[in-house]
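File shown: run19.cif (mmCIF, C-alpha atoms).
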data_upload
loop_
_atom_site.label_atom_id
_atom_site.label_comp_id
_atom_site.auth_asym_id
_atom_site.auth_seq_id
_atom_site.Cartn_x
_atom_site.Cartn_y
_atom_site.Cartn_z
CA MET A 61 0.00 0.00 0.00
CA ALA A 62 2.85 2.39 0.83
CA ALA A 63 4.41 1.73 -2.57
CA GLN A 64 1.17 2.78 -4.27
CA ASP A 65 1.05 5.99 -2.21
CA LEU A 66 4.67 6.68 -3.11
CA ASN A 67 3.95 6.05 -6.81
CA LEU A 68 0.86 8.26 -6.67
CA GLU A 69 2.80 11.05 -4.98
CA SER A 70 5.60 10.70 -7.52
CA LEU A 71 3.07 10.84 -10.36
CA LYS A 72 1.51 13.99 -8.87
CA LYS A 73 4.93 15.62 -8.66
CA ASP A 74 5.68 14.64 -12.26
CA ILE A 75 2.36 16.10 -13.44
CA ASP A 76 3.03 19.33 -11.54
CA SER A 77 6.46 19.49 -13.11
CA LEU A 78 5.00 18.91 -16.57
CA LYS A 79 2.40 21.62 -15.99
CA SER A 80 5.20 23.99 -15.08
CA ASP A 81 7.14 22.99 -18.18
CA LEU A 82 4.05 23.52 -20.31
CA LYS A 83 3.61 27.01 -18.87
CA ASP A 84 7.25 27.73 -19.70
CA ILE A 85 6.69 26.51 -23.26
CA VAL A 86 3.63 28.73 -23.68
CA LYS A 87 5.61 31.69 -22.32
CA SER A 88 8.42 30.93 -24.75
CA ILE A 89 5.94 30.77 -27.62
CA LYS A 90 4.55 34.16 -26.58
CA ASP A 91 8.05 35.62 -26.38
CA ILE A 92 9.02 34.22 -29.76
CA GLY A 93 5.82 35.57 -31.28
CA ALA A 94 6.48 39.01 -29.82
CA LYS A 95 10.02 38.96 -31.21
CA GLN A 96 8.78 37.91 -34.64
CA ILE A 97 6.19 40.67 -34.62
CA GLU A 98 8.87 43.22 -33.82
CA ALA A 99 11.14 41.84 -36.54
CA GLY A 100 8.30 41.88 -39.05
CA LYS A 101 7.38 45.40 -38.04
CA ASP A 102 10.93 46.58 -38.62
CA LYS A 103 11.03 44.98 -42.08
CA ILE A 104 7.81 46.52 -43.29
CA LEU A 105 8.42 50.02 -41.94
CA ASP A 106 10.27 50.96 -45.10
CA HIS A 107 7.63 49.59 -47.46
CA LEU A 108 4.29 50.73 -46.08
CA ASP A 109 2.74 53.98 -44.99
CA THR A 110 1.78 54.54 -41.35
CA GLU A 111 -1.85 53.52 -41.66
CA GLU A 112 -1.01 50.28 -43.43
CA ILE A 113 1.61 49.50 -40.80
CA LYS A 114 -0.83 50.04 -37.93
CA LYS A 115 -3.41 47.84 -39.64
CA TYR A 116 -0.84 45.09 -40.27
CA ILE A 117 0.43 45.21 -36.67
CA ASP A 118 -3.11 45.03 -35.31
CA GLU A 119 -3.80 42.00 -37.49
CA LEU A 120 -0.62 40.29 -36.27
CA LYS A 121 -1.50 41.01 -32.64
CA ALA A 122 -5.01 39.62 -33.15
CA LYS A 123 -3.61 36.47 -34.77
CA GLY A 124 -1.11 36.06 -31.93
CA LYS A 125 -3.82 36.45 -29.29
CA ASP A 126 -6.04 33.98 -31.15
CA GLY A 127 -3.18 31.49 -31.25
CA ILE A 128 -2.50 31.87 -27.54
CA GLU A 129 -6.20 31.52 -26.74
CA THR A 130 -6.35 28.38 -28.86
CA VAL A 131 -3.41 26.87 -26.98
CA ASN A 132 -4.95 27.80 -23.63
CA ASP A 133 -8.36 26.40 -24.63
CA THR A 134 -6.76 23.17 -25.81
CA ILE A 135 -4.91 22.83 -22.51
CA LYS A 136 -8.09 23.48 -20.53
CA GLU A 137 -10.13 21.03 -22.61
CA ASP A 138 -7.74 18.13 -22.19
CA PRO A 139 -5.04 18.81 -19.59
CA ILE A 140 -3.86 15.20 -19.43
CA LYS A 141 -3.24 15.12 -23.17
CA SER A 142 -1.50 18.50 -22.96
CA VAL A 143 0.74 17.26 -20.17
CA ALA A 144 1.55 14.13 -22.17
CA ILE A 145 2.42 16.23 -25.22
CA ALA A 146 4.59 18.53 -23.11
CA ALA A 147 6.35 15.49 -21.66
CA GLY A 148 6.90 14.07 -25.12
CA VAL A 149 8.30 17.36 -26.38
CA GLY A 150 10.53 17.58 -23.32
CA PHE A 151 11.87 14.08 -23.80
CA LEU A 152 12.39 14.72 -27.51
CA LEU A 153 14.27 17.96 -26.83
CA ALA A 154 16.37 16.28 -24.16
CA TRP A 155 17.21 13.47 -26.55
CA ILE A 156 18.09 15.91 -29.35
CA LEU A 157 20.21 18.08 -27.07
CA LYS A 158 22.17 15.06 -25.82
CA LYS A 159 23.48 14.44 -29.33
#
Would you encode the structure as structure tokens?
Amino acid sequence: MAAQDLNLESLKKDIDSLKSDLKDIVKSIKDIGAKQIEAGKDKILDHLDTEEIKKYIDELKAKGKDGIETVNDTIKEDPIKSVAIAAGVGFLLAWILKK
């Protein structure tokens, strides 16, 4: 019985760790998106007038927010699957980085 409690506690810790990793991944995605928006903004500044630039930036922000909301909704709909995916990505990255 104690072994089951230990396994359950270990599983809970692993899930909490995976949730934390998933939050870090989402934050990284947000940061990358923000950087890409800034880079894109810099590239188009020379080619578009001010109104077109503002419109384009607003569209990019809306798309970014929609993407983040989609990720958050997916996580909320099926957290176990999201944790499993995060674990898989983590293991894959660890394996790739070992090489």
Any idea what's packed within 10 Å of segment 127-129 of chain A, counting all atoms listed in the file, ignoring anything in its chain fewer than 3 positions away? Could you give it as an mmCIF file with C-alpha atoms, keeping the file's coordinate frame?
data_model
loop_
_atom_site.group_PDB
_atom_site.id
_atom_site.type_symbol
_atom_site.label_atom_id
_atom_site.label_comp_id
_atom_site.auth_asym_id
_atom_site.auth_seq_id
_atom_site.Cartn_x
_atom_site.Cartn_y
_atom_site.Cartn_z
ATOM 1 C CA VAL A 86 3.630 28.730 -23.680
ATOM 2 C CA LYS A 87 5.610 31.690 -22.320
ATOM 3 C CA ILE A 89 5.940 30.770 -27.620
ATOM 4 C CA LYS A 90 4.550 34.160 -26.580
ATOM 5 C CA GLY A 93 5.820 35.570 -31.280
ATOM 6 C CA LYS A 121 -1.500 41.010 -32.640
ATOM 7 C CA ALA A 122 -5.010 39.620 -33.150
ATOM 8 C CA LYS A 123 -3.610 36.470 -34.770
ATOM 9 C CA GLY A 124 -1.110 36.060 -31.930
ATOM 10 C CA ASN A 132 -4.950 27.800 -23.630
ATOM 11 C CA ASP A 133 -8.360 26.400 -24.630
ATOM 12 C CA THR A 134 -6.760 23.170 -25.810
ATOM 13 C CA ILE A 135 -4.910 22.830 -22.510
#
Point to revise | Contacts of segment 76-78 of chain A within 7 Å, all atoms listed in the file, excl. fewer than 3 positions in-chain, as a PyMOL selection string | key: chain A and resi 72-73+81-82+143+146-147
Exercise for review: Give the answer as one residue: which of A:Leu153, A:Val131, A:Ile113, A:Ile140 has the shortest atom-to-atom distance to Ile97 of chain A, using only C-alpha atoms?
Suggested key: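 Nearest to Ile97 of chain A: A:Ile113.
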Point to revise | Within-6 Å shell of (3.2, 46.1, -37.6) in input frame, all atoms listed in the file, as a list of chain:residue names | key: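 Neighbouring residues, ordered by chain and number, come to A:Lys101, A:Ile113, A:Lys114, A:Tyr116, A:Ile117.
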Review point. What is the atom CA of Glu69 of chain A-atom CA of Phe151 of chain A distance in Å, reported with one decimal?
Key: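 The value is 21.1 Å.
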Practice item. Enter the distance from atom CA of Ile145 of chain A to atom CA of Ser70 of chain A, in Å, rounded to one decimal. Key: 18.8 Å
Revision key, fill the gap. Atom pair atom CA of Glu137 of chain A + atom CA of Ile92 of chain A, distance 24.3 Å
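Minimum atom-to-atom distances from A:Glu111, A:Asp74, A:Leu68, A:Ile85 to Val149 of chain A were compared using all atoms listed in the file, and the lowest value belongs to A:Ile85.
Among the candidates A:Gly150, A:Leu120, A:Glu112, A:Leu157, the one nearest to Ala99 of chain A when counting all atoms listed in the file is A:Leu120.
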**Study point:** From A:Ser142, A:Thr130, A:Ile156, A:Gly148, residue lying nearest Lys79 of chain A [all atoms listed in the file]
**Key:**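 Closest to Lys79 of chain A of all the choices is A:Ser142.
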N, CA, C and O atoms modelled onto segment 90-107 of chain A, as a short mmCIF file (atom, residue, chain, number, x, y, z; two decimals), in the coordinates of the input:
data_model
loop_
_atom_site.label_atom_id
_atom_site.label_comp_id
_atom_site.auth_asym_id
_atom_site.auth_seq_id
_atom_site.Cartn_x
_atom_site.Cartn_y
_atom_site.Cartn_z
N LYS A 90 4.97 32.75 -26.60
CA LYS A 90 4.55 34.16 -26.58
C LYS A 90 5.73 35.08 -26.85
O LYS A 90 5.63 36.02 -27.63
N ASP A 91 6.86 34.79 -26.19
CA ASP A 91 8.05 35.62 -26.38
C ASP A 91 8.55 35.56 -27.81
O ASP A 91 8.92 36.58 -28.39
N ILE A 92 8.57 34.38 -28.37
CA ILE A 92 9.02 34.22 -29.76
C ILE A 92 8.09 34.98 -30.69
O ILE A 92 8.55 35.67 -31.62
N GLY A 93 6.79 34.85 -30.45
CA GLY A 93 5.82 35.57 -31.28
C GLY A 93 6.01 37.07 -31.20
O GLY A 93 5.96 37.77 -32.21
N ALA A 94 6.26 37.57 -30.00
CA ALA A 94 6.48 39.01 -29.82
C ALA A 94 7.74 39.45 -30.57
O ALA A 94 7.75 40.50 -31.22
N LYS A 95 8.78 38.63 -30.50
CA LYS A 95 10.02 38.96 -31.21
C LYS A 95 9.81 38.96 -32.72
O LYS A 95 10.33 39.82 -33.44
N GLN A 96 9.04 37.99 -33.20
CA GLN A 96 8.78 37.91 -34.64
C GLN A 96 7.94 39.10 -35.10
O GLN A 96 8.15 39.61 -36.19
N ILE A 97 7.00 39.51 -34.27
CA ILE A 97 6.19 40.67 -34.62
C ILE A 97 7.07 41.91 -34.72
O ILE A 97 6.95 42.69 -35.67
N GLU A 98 7.95 42.07 -33.78
CA GLU A 98 8.87 43.22 -33.82
C GLU A 98 9.76 43.17 -35.05
O GLU A 98 9.98 44.18 -35.71
N ALA A 99 10.27 41.99 -35.36
CA ALA A 99 11.14 41.84 -36.54
C ALA A 99 10.36 42.13 -37.81
O ALA A 99 10.85 42.83 -38.71
N GLY A 100 9.14 41.62 -37.88
CA GLY A 100 8.30 41.88 -39.05
C GLY A 100 7.95 43.36 -39.17
O GLY A 100 7.95 43.91 -40.27
N LYS A 101 7.70 43.97 -38.04
CA LYS A 101 7.38 45.40 -38.04
C LYS A 101 8.55 46.21 -38.58
O LYS A 101 8.36 47.11 -39.41
N ASP A 102 9.74 45.86 -38.14
CA ASP A 102 10.93 46.58 -38.62
C ASP A 102 11.12 46.42 -40.13
O ASP A 102 11.52 47.36 -40.81
N LYS A 103 10.84 45.23 -40.65
CA LYS A 103 11.03 44.98 -42.08
C LYS A 103 10.04 45.76 -42.93
O LYS A 103 10.38 46.22 -44.03
N ILE A 104 8.82 45.88 -42.45
CA ILE A 104 7.81 46.52 -43.29
C ILE A 104 7.76 48.04 -43.13
O ILE A 104 7.10 48.71 -43.92
N LEU A 105 8.45 48.56 -42.16
CA LEU A 105 8.42 50.02 -41.94
C LEU A 105 8.84 50.80 -43.18
O LEU A 105 8.29 51.87 -43.47
N ASP A 106 9.78 50.26 -43.92
CA ASP A 106 10.27 50.96 -45.10
C ASP A 106 9.36 50.83 -46.31
O ASP A 106 9.48 51.60 -47.27
N HIS A 107 8.42 49.88 -46.27
CA HIS A 107 7.63 49.59 -47.46
C HIS A 107 6.17 50.05 -47.38
O HIS A 107 5.50 50.06 -48.40
#
